[in-house]
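Here's the structure, in structure tokens; my notes come after.
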Amino acid sequence: MKVFKFGGSCIQHPEAVKKLEQLVQSEPLRPLIVVISAMGKTTSGLEEIFQQKLNEQPYDIGIQQLYRFHRAMIDGLLCQLQQEAYKTLTLWREKLVATLAHPTTSRTPIDKLYSEIVAEGELLASKLVYYYLREQNVACTWLDARECIKTNKGFSNARVDWVATQYWTKTSVVPLLNKNQIMLTQGFISSNEMGETTTLGKEGSDFTSTVFASVLGAQSVTIWKDVPGIMNADPKLFKKAAKLDRISYRAVAEMAFYGAKVLHPKTVQPLEAHNIPLYVKPFHHLHEAGTEITNELSKPEYPIYILQKDQGLVHLSRGVSEFFDEACLQEVIYQLMQYDTRTSMLEKDAYTLSICLSTDSYKLNKLLTILSQKFKIRYHAPVHLLTVIHQNAQLLQRLLYQKTALLTQKRDHIYQAVFCPDEKIATSIDHMLSAH
């Protein structure tokens, strides 16, 4: 058995979906589990609609844009099953409108509403790809991942209940694979014991594929992306980024933890436990090898540069000459957990706690409001956070020359610096990448 996962950029136009079908058909090993993300920028569009709902702003235009996008996908893909797909799309829009129409109060779980809305992207994408595979006479079956991937804590960054997930996956998936050797499902989405929709967090589709692989004992997982493989810097930001041919589970998990948009931070944990190799391959250049991720403990061939732009820097203090003690730290950590906020960097001295975190969370304003009731807050946004893994001090000094760092931290082989937005940083890093 193999597991293939396709990102949204791999299915953002009809020709890409046709290429997916050819790739699936050419794979000799069966059975095959195919995990699908939302098409193109659908998740971002749904998140924007969700935010407009919270802000009591109109969101009709956003829904229409998503409807037209998927209608164009249907027109470019289907003939015999076109009317069935149109019906599915219409029902999809009606359900989305109905969900958004529910009144919200201060007691409404915002995470629950978020998951219900954004999960619709994966569900629709997998249905349209399923219709196309059927039309091409590919023997496959469709499965709602929420029947298998079970969670026991939270809604928008839910924790997997491994016992329940193992039971339901084997109960639901194995009979389907025995019937049809290709199974199509969704990434990112899950459900709790009450049957409510939950989601696994940003890039959670990657995590879904490895959950299925570990529970079912797959031979390997292949994640198809629009990049050559795992890079030592974001190729969308840095022209000189280099591909890593091989990397260990531990190293790639470290990259993801510090914000590299390569994989979901939890992706490699199930694979490492079962020693299942992971391949990240370029969807648009199928002949290229991509990156192999295994248990082999080795240092990456190049230093890793991770630049996060959507960051805010929060300084918390109690007052003049009042220590920021363990009780204060405990309170802040508790609130971060309550609002499911992931910190990118944290530093504490006697009087101040400094936290760098993402500003794209819809819960950030509420978090800051709660913290301001007990602490004095200084907040800087936007700021950039640079994390460098496996780098020497001299090159770092050159990189940050004449740049004012608001906060720095160095430990072992990892260096982090928070600084004000500076577009020249990309050029500086490109020069250093060229030197390698």
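Identifiers for the structure tokens are assigned positionally: chains receive A, B, ... in sequence, residues are indexed from 1 per chain, and ligands are indexed from 1 in the order shown.
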
Considering only C-alpha atoms, give me a table of residues in region 134-215 of chain A that are at most 9 Å from region 221-241 of chain A, with the closest atom pair and distance in Å for each, as JSON lines.
```
{"residue": "A:Asp206", "atom": "CA", "partner": "A:Ile223", "partner_atom": "CA", "distance": 7.2}
{"residue": "A:Ser209", "atom": "CA", "partner": "A:Val221", "partner_atom": "CA", "distance": 7.2}
{"residue": "A:Thr210", "atom": "CA", "partner": "A:Val221", "partner_atom": "CA", "distance": 6.8}
{"residue": "A:Ala213", "atom": "CA", "partner": "A:Val221", "partner_atom": "CA", "distance": 6.9}
```

Let's have the selection written as an mmCIF file, in the first residue's frame, with C-alpha atoms.
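Output file again24.cif follows:
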```
data_model
loop_
_atom_site.group_PDB
_atom_site.id
_atom_site.type_symbol
_atom_site.label_atom_id
_atom_site.label_comp_id
_atom_site.auth_asym_id
_atom_site.auth_seq_id
_atom_site.Cartn_x
_atom_site.Cartn_y
_atom_site.Cartn_z
ATOM 1 C CA ASP A 206 -0.034 16.309 5.181
ATOM 2 C CA SER A 209 -1.834 11.206 4.953
ATOM 3 C CA THR A 210 0.673 10.037 7.547
ATOM 4 C CA ALA A 213 -0.160 5.400 6.528
#
```

Where does DSSP see helix (DSSP H, G or I) in region 143-359 of chain A, if you list the residues as number ranges by chain?
A: 145-147, 162-179, 204-216, 249-257, 268-274, 326-338

Point out the residue among A:Gln186, A:Thr169, A:Thr387, A:Gln82 with the least atom-to-atom distance to Ile414 (chain A), counting only C-alpha atoms.
A:Thr387

Skip region 405-410 of chain A itself and residues of its chain fewer than 2 positions away, then list as an MDAnalysis selection string all residues within 10 Å of it, counting only C-alpha atoms.
chainID A and resid 313 345:347 354:356 380 383:388 393 400:403 412:420

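Candidate residues A:Leu100, A:Ala145, A:Ile61, A:Ile306 were compared for distance to His390 (chain A), and the nearest is A:Ile306, using only C-alpha atoms.
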